[in-house]
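Asker: Let me begin by handing over the structure; questions about it come next.
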Amino acid sequence: MPDTPPMKACWSAESVATVVTNSAKMDAARSHYFLSSHSPISGITDERLAAPLDEEKLFESVFDTSRAETLAVIWGEPGTGKSHLIHWLKLRTEHAVQQGELQGVVPVL
């Protein structure tokens with residue numbers, strides 16, 4: 001069996017102060033911090049259809065190409081993950097544009 005290097009923790013005690021702060025790190029250079037701790041948001045509901053959605057279904061609904069424009073309102077009690085969901089949608093949109101899944105899209109958050 002070949003020697004394998006020891007595994008390193010992705011978070012270290014020395015980096016906690018730069019990673020965990022009171023302000024969101026939403027720029028592209030720091031999105032890995034967000035994604036490394038992301039867990040899917042539950043409890044999303046399409047009020048028009050009275051149907052539950054997961055994040056990906058919400059993304060697909062917002063970027064339904066059969067409509068010229070889409071307005072999505074995200075509301076909920078404090079602490080339910082609204083900002084987190086919006087940040088995830090932002091990153092998912094950027095990824096879709098980079099991968100060529102979306103073209104001619106101008107997201108306004």
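Lettering and numbering for the structure tokens are positional, with chains as A, B, ... in the shown order, residues counted from 1 in each chain, and ligands counted from 1 in the shown order.
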Need to verify the contact set: A:Lys82, 12 Å, only C-alpha atoms, exclusion of same-chain residues closer than 6 positions in sequence. Can you return it as a list of chain:residue names?
Answerer: A:Pro40, A:Ile41, A:Ser42, A:Gly43, A:Ile44, A:Glu55, A:Val73, A:Ile74, A:Trp75, A:Gly76, A:Trp88, A:Leu89
Asker: Using only C-alpha atoms, which protein or nucleic acid residues come within 12 Å of A:Arg67? Drop anything in the same chain fewer than 6 positions from it, and give the result as number ranges by chain.
Answerer: A: 60-61, 105
Asker: Hey, which of A:Leu102, A:Lys57, A:Ala72, A:Arg48 ends up closest to A:Ile86? Count only C-alpha atoms.
Answerer: A:Ala72
Asker: Of the candidates A:Leu91, A:Ala13, A:Val106, A:Ala96, which shows the shortest atom-to-atom distance to A:Thr70, using only C-alpha atoms?
Answerer: A:Val106
Asker: Could you check which of A:Thr65, A:Ser39, A:Thr45, A:Ser15 is closest to A:Glu101, using only C-alpha atoms?
Answerer: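 Looking only at the distances to A:Glu101, the closest residue turns out to be A:Thr65.
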